[in-house]
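One file, data-v8.txt, carrying compact mmCIF, C-alpha atoms:
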# COMPACT_ATOMS: atom_id res chain seq x y z
CA MET A 24 0.00 0.00 0.00
CA ALA A 25 1.46 3.32 -1.06
CA LEU A 26 0.88 6.63 0.69
CA GLY A 27 -0.31 8.04 -2.63
CA HIS A 28 -3.43 5.86 -2.58
CA VAL A 29 -4.12 6.79 1.03
CA LEU A 30 -3.90 10.50 0.20
CA LEU A 31 -6.18 10.00 -2.81
CA GLY A 32 -8.65 8.33 -0.46
CA LEU A 33 -8.51 11.28 1.91
CA LEU A 34 -9.06 13.68 -1.01
CA ALA A 35 -12.16 11.81 -2.17
CA GLN A 36 -14.44 14.04 -0.11
CA GLY A 37 -12.99 17.33 -1.36
CA GLU A 38 -9.94 19.54 -1.72
CA ARG A 39 -7.37 19.64 1.07
CA HIS A 40 -3.96 21.19 1.51
CA GLY A 41 -0.92 19.20 2.57
CA TYR A 42 -0.97 19.93 6.28
CA ASP A 43 -4.69 19.21 6.47
CA LEU A 44 -4.06 15.85 4.79
CA LYS A 45 -1.50 14.97 7.44
CA ARG A 46 -3.97 15.89 10.20
CA GLN A 47 -6.68 13.79 8.53
CA TYR A 48 -4.28 10.87 8.27
CA ASP A 49 -3.41 11.10 11.99
CA ALA A 50 -7.11 11.25 12.91
CA ARG A 51 -8.24 8.42 10.62
CA PHE A 52 -5.36 6.04 11.33
CA PRO A 53 -4.40 6.76 14.93
CA MET A 54 -2.54 3.47 15.38
CA ALA A 55 -0.77 3.41 12.01
CA LYS A 56 2.88 4.23 11.56
CA PRO A 57 3.09 8.04 11.80
CA ILE A 58 3.95 10.02 8.66
CA ALA A 59 5.97 13.23 8.43
CA ALA A 60 4.54 16.32 6.77
CA ALA A 61 7.47 16.23 4.31
CA GLN A 62 6.32 12.76 3.14
CA VAL A 63 2.87 14.14 2.44
CA TYR A 64 4.21 17.05 0.39
CA ALA A 65 6.60 14.81 -1.58
CA THR A 66 3.76 12.38 -2.33
CA LEU A 67 1.46 15.22 -3.41
CA GLU A 68 4.19 16.37 -5.84
CA ARG A 69 4.27 12.92 -7.37
CA LEU A 70 0.47 12.70 -7.62
CA LEU A 71 0.51 16.12 -9.28
CA ARG A 72 3.19 15.00 -11.77
CA ASP A 73 1.14 11.91 -12.64
CA GLY A 74 -2.03 13.94 -13.15
CA LEU A 75 -3.89 12.24 -10.29
CA VAL A 76 -4.43 15.48 -8.35
CA ALA A 77 -4.70 19.09 -9.47
CA PRO A 78 -4.11 22.33 -7.57
CA GLY A 79 -7.27 24.05 -6.36
CA GLY A 80 -7.68 27.17 -4.28
CA THR A 81 -5.10 28.75 -2.00
CA GLU A 82 -5.64 29.82 1.56
CA ARG A 83 -3.64 31.99 3.93
CA ALA A 84 -4.13 31.59 7.65
CA GLY A 85 -1.57 33.90 9.22
CA GLY A 86 1.29 32.12 7.45
CA PRO A 87 2.41 31.35 3.91
CA ASP A 88 -0.05 30.56 1.16
CA ARG A 89 -1.29 26.99 1.22
CA THR A 90 -2.36 25.27 -1.96
CA ALA A 91 -5.24 22.87 -1.72
CA TYR A 92 -5.31 19.85 -3.99
CA GLY A 93 -8.23 18.02 -5.47
CA MET A 94 -8.52 14.62 -7.09
CA THR A 95 -8.72 14.47 -10.89
CA ALA A 96 -10.85 11.98 -12.87
CA ALA A 97 -7.69 9.93 -13.41
CA GLY A 98 -7.05 10.05 -9.66
CA ARG A 99 -10.57 8.79 -8.95
CA GLN A 100 -10.08 5.91 -11.38
CA GLU A 101 -6.71 5.03 -9.80
CA LEU A 102 -8.29 5.07 -6.33
CA ASP A 103 -11.24 2.90 -7.41
CA GLU A 104 -8.93 0.36 -9.01
CA TRP A 105 -6.73 0.25 -5.93
CA LEU A 106 -9.72 -0.18 -3.58
CA ALA A 107 -10.95 -3.10 -5.70
CA GLN A 108 -7.58 -4.89 -5.58
CA VAL A 109 -7.14 -7.76 -3.12
CA GLU A 110 -4.10 -7.39 -0.88
CA PRO A 111 -1.87 -10.48 -0.95
CA PRO A 112 -2.10 -12.31 2.40
CA SER A 113 1.09 -11.68 4.36
CA PRO A 114 3.51 -14.58 4.64
CA PHE A 115 3.66 -15.01 8.41
CA VAL A 116 5.97 -18.02 8.23
CA SER A 117 8.99 -15.96 9.20
CA ASN A 118 7.39 -14.86 12.47
CA PRO A 119 10.09 -14.14 15.08
CA LEU A 120 8.02 -16.01 17.71
CA ALA A 121 8.31 -19.25 15.73
CA VAL A 122 12.02 -18.73 15.14
CA LYS A 123 12.66 -18.12 18.82
CA VAL A 124 10.71 -21.19 19.97
CA THR A 125 12.51 -23.42 17.50
CA LEU A 126 15.87 -22.08 18.66
CA ALA A 127 14.87 -22.34 22.33
CA LEU A 128 13.99 -26.00 21.74
CA LEU A 129 17.28 -26.63 19.96
CA VAL A 130 19.61 -24.91 22.38
CA ALA A 131 17.79 -24.87 25.72
CA GLY A 132 15.29 -27.76 25.77
CA ASP A 133 11.53 -27.96 26.02
CA GLU A 134 11.21 -26.48 29.50
CA ARG A 135 12.94 -23.27 28.49
CA ALA A 136 10.90 -23.17 25.30
CA ALA A 137 7.69 -23.63 27.29
CA GLY A 138 8.78 -20.98 29.78
CA TYR A 139 9.45 -18.56 26.97
CA LEU A 140 6.04 -19.32 25.41
CA GLN A 141 4.27 -18.73 28.73
CA ARG A 142 5.93 -15.35 29.18
CA GLN A 143 5.19 -14.45 25.59
CA ARG A 144 1.56 -15.44 26.12
CA ALA A 145 1.31 -13.15 29.17
CA ALA A 146 2.86 -10.28 27.19
CA HIS A 147 0.43 -10.80 24.32
CA LEU A 148 -2.55 -10.90 26.66
CA ALA A 149 -1.40 -7.73 28.42
CA ARG A 150 -1.31 -5.98 25.04
CA MET A 151 -4.75 -7.41 24.19
CA ARG A 152 -6.10 -5.89 27.40
CA GLU A 153 -4.82 -2.48 26.28
CA TYR A 154 -6.56 -2.81 22.91
CA THR A 155 -9.73 -4.08 24.57
CA ARG A 156 -9.79 -0.94 26.72
CA ILE A 157 -9.55 1.09 23.51
CA THR A 158 -12.34 -0.78 21.71
CA THR A 159 -14.68 -0.56 24.69
CA HIS A 160 -14.00 3.06 25.58
CA PRO A 161 -17.05 5.15 24.62
CA ASP A 162 -14.87 7.99 23.24
CA THR A 163 -12.89 5.83 20.79
CA SER A 164 -13.64 6.75 17.15
CA LEU A 165 -14.77 4.13 14.65
CA ALA A 166 -11.33 4.34 12.99
CA GLY A 167 -9.71 3.70 16.37
CA VAL A 168 -12.00 0.73 17.08
CA LEU A 169 -11.29 -0.79 13.65
CA ALA A 170 -7.53 -0.42 14.12
CA ALA A 171 -7.68 -1.90 17.63
CA ASP A 172 -9.89 -4.78 16.37
CA TYR A 173 -7.30 -5.53 13.71
CA ALA A 174 -4.50 -5.60 16.28
CA LEU A 175 -6.61 -7.68 18.69
CA ASN A 176 -7.38 -10.33 16.10
CA HIS A 177 -3.76 -10.65 15.05
CA LEU A 178 -2.59 -10.90 18.65
CA ASP A 179 -5.30 -13.50 19.21
CA ALA A 180 -4.01 -15.51 16.24
CA ASP A 181 -0.48 -15.37 17.68
CA LEU A 182 -1.82 -16.43 21.05
CA ARG A 183 -3.66 -19.43 19.62
CA TRP A 184 -0.44 -20.40 17.88
CA ILE A 185 1.38 -20.09 21.23
CA ASP A 186 -1.22 -22.39 22.84
CA THR A 187 -0.81 -24.93 20.06
CA ALA A 188 2.97 -24.67 20.34
CA LEU A 189 2.78 -25.23 24.12
CA ALA A 190 0.71 -28.36 23.57
CA ARG A 191 3.12 -29.56 20.88
CA VAL A 192 6.15 -28.91 23.09
CA ALA A 193 4.50 -30.93 25.88
CA THR A 194 3.70 -33.78 23.47
CA LEU A 195 7.20 -33.68 22.04
CA ALA A 196 8.72 -33.80 25.53
CA GLU A 197 6.59 -36.86 26.37
CA GLU A 198 7.66 -38.59 23.16
CA LEU A 199 11.32 -37.90 23.87
CA GLN A 200 11.17 -39.36 27.35
CA PRO A 201 12.67 -42.88 27.50
CA MET B 3 -2.55 -25.57 59.43
CA THR B 4 -5.23 -26.72 57.02
CA SER B 5 -7.83 -24.59 58.79
CA THR B 6 -5.86 -21.39 58.31
CA PRO B 7 -7.58 -19.03 55.89
CA PRO B 8 -5.38 -18.56 52.83
CA ASP B 9 -5.64 -14.80 53.07
CA SER B 10 -4.31 -14.49 56.57
CA GLY B 11 -1.22 -12.39 56.89
CA THR B 12 -0.23 -12.13 53.25
CA ASP B 13 -3.11 -10.88 51.13
CA GLU B 14 -6.14 -9.73 53.03
CA ASP B 15 -7.99 -8.86 49.83
CA LEU B 16 -8.36 -12.49 48.70
CA LEU B 17 -12.08 -13.12 48.47
CA VAL B 18 -12.34 -16.56 46.84
CA ALA B 19 -9.48 -19.02 47.01
CA GLY B 20 -8.86 -22.66 46.22
CA ARG B 21 -5.86 -24.40 47.71
CA ALA B 22 -4.30 -27.57 46.25
CA LEU B 23 -7.59 -28.61 44.67
CA VAL B 24 -7.95 -32.17 43.41
CA ARG B 25 -11.04 -33.46 41.67
CA SER B 26 -11.58 -36.49 39.46
CA TYR B 27 -14.46 -37.83 37.40
CA GLY B 28 -14.13 -41.57 37.84
CA HIS B 29 -10.50 -42.30 37.03
CA SER B 30 -10.03 -39.10 35.02
CA PRO B 31 -8.36 -36.35 37.03
CA ALA B 32 -9.78 -32.90 36.19
CA LEU B 33 -7.91 -30.91 38.82
CA ARG B 34 -4.49 -31.98 40.01
CA GLY B 35 -3.59 -29.80 42.95
CA ILE B 36 -4.23 -26.32 41.62
CA SER B 37 -4.18 -23.25 43.87
CA VAL B 38 -5.87 -20.03 42.79
CA GLY B 39 -7.24 -16.95 44.46
CA THR B 40 -9.04 -13.82 43.47
CA ARG B 41 -8.85 -10.42 45.06
CA ARG B 42 -11.94 -8.52 46.04
CA GLY B 43 -13.37 -6.52 43.12
CA GLU B 44 -11.17 -7.99 40.40
CA VAL B 45 -12.24 -9.61 37.15
CA LEU B 46 -10.28 -12.85 36.83
CA ALA B 47 -10.20 -14.96 33.68
CA ILE B 48 -9.60 -18.70 33.99
CA THR B 49 -8.44 -19.92 30.60
CA GLY B 50 -7.14 -23.11 29.09
CA PRO B 51 -7.89 -25.61 26.34
CA SER B 52 -10.94 -27.88 26.29
CA GLY B 53 -10.75 -30.49 29.01
CA SER B 54 -8.12 -28.58 30.99
CA GLY B 55 -10.30 -28.51 34.10
CA LYS B 56 -11.25 -24.85 34.07
CA SER B 57 -15.01 -25.41 34.38
CA THR B 58 -14.44 -27.95 37.14
CA LEU B 59 -12.33 -25.38 38.96
CA LEU B 60 -15.09 -22.80 38.65
CA LEU B 61 -17.71 -25.23 39.96
CA CYS B 62 -15.48 -26.09 42.94
CA LEU B 63 -14.82 -22.45 43.77
CA ALA B 64 -18.55 -21.67 43.48
CA GLY B 65 -19.33 -24.41 45.99
CA ILE B 66 -21.34 -26.39 43.44
CA LEU B 67 -18.86 -29.29 43.25
CA ARG B 68 -17.01 -30.59 46.26
CA PRO B 69 -13.28 -31.21 45.60
CA ASP B 70 -11.83 -34.66 46.42
CA ALA B 71 -8.97 -32.94 48.22
CA GLY B 72 -7.86 -29.41 48.94
CA GLU B 73 -9.73 -26.45 50.35
CA VAL B 74 -12.10 -23.76 49.09
CA TRP B 75 -12.30 -20.49 50.96
CA TYR B 76 -14.69 -17.58 50.65
CA ALA B 77 -14.15 -14.37 52.67
CA GLY B 78 -12.02 -16.13 55.25
CA ARG B 79 -14.48 -19.02 55.62
CA ARG B 80 -13.76 -22.56 54.50
CA ILE B 81 -16.76 -23.67 52.44
CA ASP B 82 -15.86 -27.06 50.99
CA THR B 83 -16.44 -28.75 54.35
CA GLU B 84 -19.80 -27.04 54.93
CA SER B 85 -23.09 -28.89 54.52
CA GLU B 86 -24.95 -28.79 51.23
CA ALA B 87 -27.61 -26.60 52.89
CA GLU B 88 -25.03 -24.07 54.04
CA ARG B 89 -23.35 -23.96 50.64
CA SER B 90 -26.71 -23.70 48.90
CA ARG B 91 -27.58 -20.70 51.07
CA LEU B 92 -24.22 -19.13 50.26
CA ARG B 93 -24.84 -19.61 46.54
CA ARG B 94 -28.29 -18.04 46.81
CA THR B 95 -27.17 -15.00 48.79
CA ARG B 96 -23.55 -14.22 47.96
CA PHE B 97 -22.82 -15.87 44.60
CA GLY B 98 -24.25 -15.34 41.13
CA VAL B 99 -23.78 -17.87 38.35
CA LEU B 100 -23.89 -17.32 34.61
CA PHE B 101 -23.55 -20.05 31.99
CA GLN B 102 -22.88 -20.08 28.25
CA PHE B 103 -26.54 -20.44 27.37
CA GLY B 104 -28.44 -18.13 29.70
CA GLN B 105 -30.63 -21.04 30.85
CA LEU B 106 -33.63 -18.81 31.24
CA VAL B 107 -36.93 -20.47 32.04
CA PRO B 108 -38.73 -20.48 28.67
CA GLU B 109 -42.25 -20.21 30.13
CA LEU B 110 -41.45 -17.03 32.08
CA THR B 111 -41.02 -13.46 30.87
CA ALA B 112 -37.66 -11.71 31.12
CA ALA B 113 -38.82 -9.80 34.22
CA GLU B 114 -40.07 -12.99 35.90
CA ASN B 115 -36.82 -14.78 35.06
CA VAL B 116 -34.76 -12.00 36.61
CA ALA B 117 -37.07 -11.76 39.66
CA MET B 118 -36.81 -15.52 40.26
CA PRO B 119 -33.74 -15.53 42.56
CA LEU B 120 -35.36 -12.85 44.73
CA LEU B 121 -38.68 -14.73 44.88
CA LEU B 122 -36.80 -17.88 45.92
CA ALA B 123 -35.11 -15.82 48.66
CA GLY B 124 -38.51 -14.80 50.00
CA VAL B 125 -38.83 -11.32 48.51
CA LYS B 126 -42.46 -10.36 47.69
CA ARG B 127 -43.49 -10.40 44.05
CA ARG B 128 -43.92 -6.64 43.52
CA PRO B 129 -40.53 -5.49 44.90
CA ALA B 130 -38.88 -8.47 43.19
CA LEU B 131 -40.29 -7.40 39.81
CA THR B 132 -39.31 -3.79 40.48
CA ALA B 133 -35.71 -4.85 41.16
CA ALA B 134 -35.82 -7.03 38.05
CA GLY B 135 -36.83 -3.98 36.01
CA THR B 136 -33.91 -1.99 37.41
CA TRP B 137 -31.41 -4.72 36.48
CA LEU B 138 -32.88 -5.22 33.02
CA ASP B 139 -32.46 -1.47 32.53
CA ARG B 140 -28.81 -1.62 33.60
CA PHE B 141 -28.19 -4.10 30.79
CA GLY B 142 -30.18 -2.05 28.28
CA VAL B 143 -33.00 -4.56 27.87
CA ALA B 144 -35.79 -2.97 29.95
CA ASP B 145 -38.01 -3.06 26.87
CA LEU B 146 -37.85 -6.86 26.86
CA ALA B 147 -39.38 -7.19 30.35
CA GLY B 148 -42.61 -8.75 29.08
CA GLN B 149 -41.04 -11.01 26.45
CA ARG B 150 -40.24 -14.68 26.72
CA PRO B 151 -36.76 -16.08 25.95
CA THR B 152 -37.90 -17.60 22.63
CA GLU B 153 -38.69 -14.08 21.41
CA MET B 154 -35.14 -12.81 22.09
CA SER B 155 -31.83 -12.94 20.22
CA GLY B 156 -28.93 -14.78 21.84
CA GLY B 157 -27.34 -11.51 22.94
CA GLN B 158 -30.60 -10.24 24.44
CA ALA B 159 -31.17 -13.51 26.31
CA GLN B 160 -27.64 -13.38 27.71
CA ARG B 161 -28.19 -9.82 28.97
CA VAL B 162 -31.35 -10.97 30.73
CA ALA B 163 -29.34 -13.87 32.19
CA MET B 164 -26.71 -11.39 33.45
CA ALA B 165 -29.45 -9.32 35.10
CA ARG B 166 -30.75 -12.50 36.76
CA ALA B 167 -27.26 -13.48 37.95
CA LEU B 168 -26.74 -10.06 39.54
CA VAL B 169 -30.23 -9.20 40.84
CA THR B 170 -29.41 -10.50 44.32
CA GLU B 171 -26.35 -8.22 44.27
CA PRO B 172 -23.91 -11.07 44.86
CA GLU B 173 -20.35 -10.46 45.98
CA VAL B 174 -18.99 -12.89 43.41
CA LEU B 175 -20.15 -13.69 39.90
CA PHE B 176 -19.04 -17.05 38.48
CA ALA B 177 -19.36 -17.07 34.68
CA ASP B 178 -18.66 -20.08 32.47
CA GLU B 179 -18.05 -19.11 28.81
CA PRO B 180 -20.54 -16.22 29.15
CA THR B 181 -20.31 -15.29 25.47
CA GLY B 182 -19.51 -18.72 24.05
CA ALA B 183 -22.78 -18.92 22.12
CA LEU B 184 -22.71 -15.39 20.70
CA ASP B 185 -21.21 -13.88 17.56
CA THR B 186 -18.24 -11.51 17.90
CA LEU B 187 -20.08 -8.20 18.15
CA ALA B 188 -22.91 -9.48 20.37
CA GLY B 189 -20.28 -11.08 22.62
CA GLU B 190 -18.36 -7.83 22.78
CA GLN B 191 -21.45 -5.89 23.82
CA VAL B 192 -22.36 -8.44 26.48
CA LEU B 193 -18.82 -8.44 27.91
CA THR B 194 -18.53 -4.67 27.87
CA GLN B 195 -21.76 -4.40 29.84
CA LEU B 196 -20.84 -7.24 32.17
CA VAL B 197 -17.53 -5.64 33.10
CA ARG B 198 -19.00 -2.12 33.38
CA VAL B 199 -21.92 -3.17 35.58
CA THR B 200 -19.89 -5.46 37.84
CA ARG B 201 -17.19 -2.81 38.30
CA GLN B 202 -19.84 -0.26 39.26
CA ALA B 203 -21.31 -2.71 41.74
CA GLY B 204 -17.88 -3.81 43.02
CA THR B 205 -18.69 -7.43 42.17
CA THR B 206 -15.77 -9.86 41.94
CA VAL B 207 -15.93 -11.85 38.70
CA LEU B 208 -14.43 -15.28 37.97
CA MET B 209 -14.87 -16.02 34.31
CA VAL B 210 -14.00 -19.24 32.51
CA THR B 211 -13.19 -18.91 28.84
CA HIS B 212 -11.15 -20.62 26.13
CA ASP B 213 -11.02 -17.35 24.18
CA ALA B 214 -8.12 -14.92 24.74
CA LYS B 215 -10.21 -12.06 23.36
CA VAL B 216 -12.68 -12.67 26.20
CA ALA B 217 -9.86 -13.05 28.74
CA ALA B 218 -8.56 -9.65 27.63
CA TYR B 219 -11.57 -8.06 29.36
CA ALA B 220 -10.29 -9.34 32.71
CA ASP B 221 -7.74 -7.74 35.01
CA ARG B 222 -5.77 -10.94 35.30
CA GLU B 223 -5.60 -14.42 33.81
CA ILE B 224 -4.91 -17.89 35.18
CA VAL B 225 -4.07 -20.51 32.56
CA ILE B 226 -4.92 -24.13 33.32
CA ARG B 227 -3.53 -27.09 31.48
CA ASP B 228 -4.24 -30.65 32.54
CA GLY B 229 -5.70 -29.57 35.86
CA MET B 230 -2.72 -27.48 36.92
CA ALA B 231 -1.82 -23.82 36.67
CA ASP B 232 0.28 -23.46 33.55
CA ASP B 233 1.37 -19.87 33.74
CA GLY B 234 3.83 -19.28 36.56
CA ALA B 235 3.39 -15.54 36.63
CA PRO B 236 -0.26 -14.98 37.61
CA THR B 237 -0.42 -17.52 40.40
CA SER B 238 3.07 -17.03 41.77
CA ALA B 239 1.97 -13.84 43.51
CA LEU B 240 -0.64 -15.89 45.32
CA ARG B 241 1.50 -18.92 45.91
CA GLY B 242 2.90 -17.52 49.11
CA ALA B 243 -0.62 -17.03 50.36
CA LEU B 244 -2.11 -20.21 49.01
CA GLY B 245 0.55 -22.72 48.25
CA ARG B 246 1.78 -23.82 51.63
CA THR B 247 0.46 -27.26 50.83
CA GLY B 248 2.60 -27.37 47.69
CA ALA B 249 0.23 -26.89 44.83
CA ARG B 250 2.68 -27.65 42.07

Take the structure from the file and write it as structure tokens.
Amino acid sequence: MALGHVLLGLLAQGERHGYDLKRQYDARFPMAKPIAAAQVYATLERLLRDGLVAPGGTERAGGPDRTAYGMTAAGRQELDEWLAQVEPPSPFVSNPLAVKVTLALLVAGDERAAGYLQRQRAAHLARMREYTRITTHPDTSLAGVLAADYALNHLDADLRWIDTALARVATLAEELQP
Amino acid sequence: MTSTPPDSGTDEDLLVAGRALVRSYGHSPALRGISVGTRRGEVLAITGPSGSGKSTLLLCLAGILRPDAGEVWYAGRRIDTESEAERSRLRRTRFGVLFQFGQLVPELTAAENVAMPLLLAGVKRRPALTAAGTWLDRFGVADLAGQRPTEMSGGQAQRVAMARALVTEPEVLFADEPTGALDTLAGEQVLTQLVRVTRQAGTTVLMVTHDAKVAAYADREIVIRDGMADDGAPTSALRGALGRTGAR
């Protein structure tokens, strides 16, 4: 996902200038990786070059002139095509949790591996509690709830893997016993 | 030593505690010497895979099942050695119980279902129904007062069941997979309300679940595997208070 498509999405409801786009981004995606204003301006330049946005009105609010940008017909088409595209499912096979457990089993034995998994489980659940507080807080915006839901479900998937791994480690230990 | 309350000296806030609990069904051990405790006012999740013994633990702590060995304490009082009549009275007056399927009486309206524990305790019909209305309102289902369970969605029925479990204003709510039969969003609404209402009332909650997303609503988690506490961290703080008989 490129920032260009995100900015096009934020421009779909009308013209905005660069700083306003950054503020919108922060409000809509409060848990996403933060972006710098310079990134927004650089991306707008590129969108302008490609004919996906066009300059609109200017505004002056006690500082320098600010140019607002609007989406062109080509920009709208690009956005629609991007929204319709399926994102490739992420390959989670290189998860650092799995790597660590495998190594813990190799170099430290099943008890250490199980101990590590238990501590990791507790850390995951603690983080899930934080996100649950966000999703259930009456002041959380819909964007915030959606982002927290996403994080919660991924942590939950990790946690179920941890549970399975714990069971497998226990089974493996039993099998290895003489 | 076995008659010493587990909260003496070390953690005076322990409200419900099990010490070195053992319980078998025939030759199958469900609990193998687990020690757990909950502090007053906390929401505690008891998690673990199917067949790990978590429901058995809940039933023992709620005084519904008697452990084969070990001790169950409530508010400094050992309850596993009490008579069935004494434990039954305790369950009626101090404990509330909530199961996966609300287990409402299908012939009764929501208000009558919620009033039932009060009627059984000898409260007159009119004040019992008034209290039922108040509790239905707390769970946002006052408009269902005259409806029967078959006319409700799963989420609505579970809210009525929560009102019934709390209408006697118990000190402890024991909940076994309280949202297990609901879809994600209905379950989330039920849990949000359950935690909000019980926190307001200062009710201690012990909640069994296999779902980490449900456990994340709790203040603390105990993981059970094969009838023993699996996660060293949550119970270790209580081990000094509870584990003098060597739970693990």

### Task
Can you work out the spacing between CA of Glu88 (chain B) and CA of Leu175 (chain B) in Å, to one decimal?
18.2 Å

### Message
As an exercise, work out the distance from CA of Ala147 (chain B) to CA of Val216 (chain B) in Å and give it to one decimal place.
### Response
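Between CA of Ala147 (chain B) and CA of Val216 (chain B) the gap works out to 27.6 Å.
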
### Task
Give the residues of chain B that lie within 9 Å of chain A; count all atoms listed in the file, and format the answer as a ChimeraX atom specification.
/B:50-51,190-191,194,213-215,217-223,232-236

Within 6 Å of Trp75 (chain B) using only C-alpha atoms, minus same-chain residues under 3 positions, as an mmCIF file with C-alpha atoms, in the coordinates of the input:
data_model
loop_
_atom_site.group_PDB
_atom_site.id
_atom_site.type_symbol
_atom_site.label_atom_id
_atom_site.label_comp_id
_atom_site.auth_asym_id
_atom_site.auth_seq_id
_atom_site.Cartn_x
_atom_site.Cartn_y
_atom_site.Cartn_z
ATOM 1 C CA VAL B 18 -12.340 -16.560 46.840
ATOM 2 C CA ALA B 19 -9.480 -19.020 47.010
ATOM 3 C CA ARG B 79 -14.480 -19.020 55.620
ATOM 4 C CA ARG B 80 -13.760 -22.560 54.500
ATOM 5 C CA ILE B 81 -16.760 -23.670 52.440
#

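Distances to Arg99 (chain A) were evaluated for A:Val63, A:Val168, A:Ala188, A:Ala35 using only C-alpha atoms, and the minimum falls at A:Ala35.
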
Enclose region 149-160 of chain A, meaning all of its atoms listed in the file, in a box aligned along x, y and z, pad it by 5 Å on each side, and list the centre and edge lengths in Å to one decimal, as JSON.
{"center_x": -8.0, "center_y": -2.3, "center_z": 25.1, "size_x": 23.4, "size_y": 20.8, "size_z": 16.7}

Using only C-alpha atoms, which residues sit within 10 Å of region 68-70 of chain A once same-chain residues fewer than 3 positions away are excluded, as an mmCIF file with C-alpha atoms, keeping the file's coordinate frame?
data_model
loop_
_atom_site.group_PDB
_atom_site.id
_atom_site.type_symbol
_atom_site.label_atom_id
_atom_site.label_comp_id
_atom_site.auth_asym_id
_atom_site.auth_seq_id
_atom_site.Cartn_x
_atom_site.Cartn_y
_atom_site.Cartn_z
ATOM 1 C CA GLY A 27 -0.310 8.040 -2.630
ATOM 2 C CA HIS A 28 -3.430 5.860 -2.580
ATOM 3 C CA LEU A 30 -3.900 10.500 0.200
ATOM 4 C CA LEU A 31 -6.180 10.000 -2.810
ATOM 5 C CA GLN A 62 6.320 12.760 3.140
ATOM 6 C CA VAL A 63 2.870 14.140 2.440
ATOM 7 C CA TYR A 64 4.210 17.050 0.390
ATOM 8 C CA ALA A 65 6.600 14.810 -1.580
ATOM 9 C CA ASP A 73 1.140 11.910 -12.640
ATOM 10 C CA GLY A 74 -2.030 13.940 -13.150
ATOM 11 C CA LEU A 75 -3.890 12.240 -10.290
ATOM 12 C CA VAL A 76 -4.430 15.480 -8.350
ATOM 13 C CA ALA A 77 -4.700 19.090 -9.470
ATOM 14 C CA TYR A 92 -5.310 19.850 -3.990
ATOM 15 C CA MET A 94 -8.520 14.620 -7.090
ATOM 16 C CA THR A 95 -8.720 14.470 -10.890
ATOM 17 C CA GLY A 98 -7.050 10.050 -9.660
#
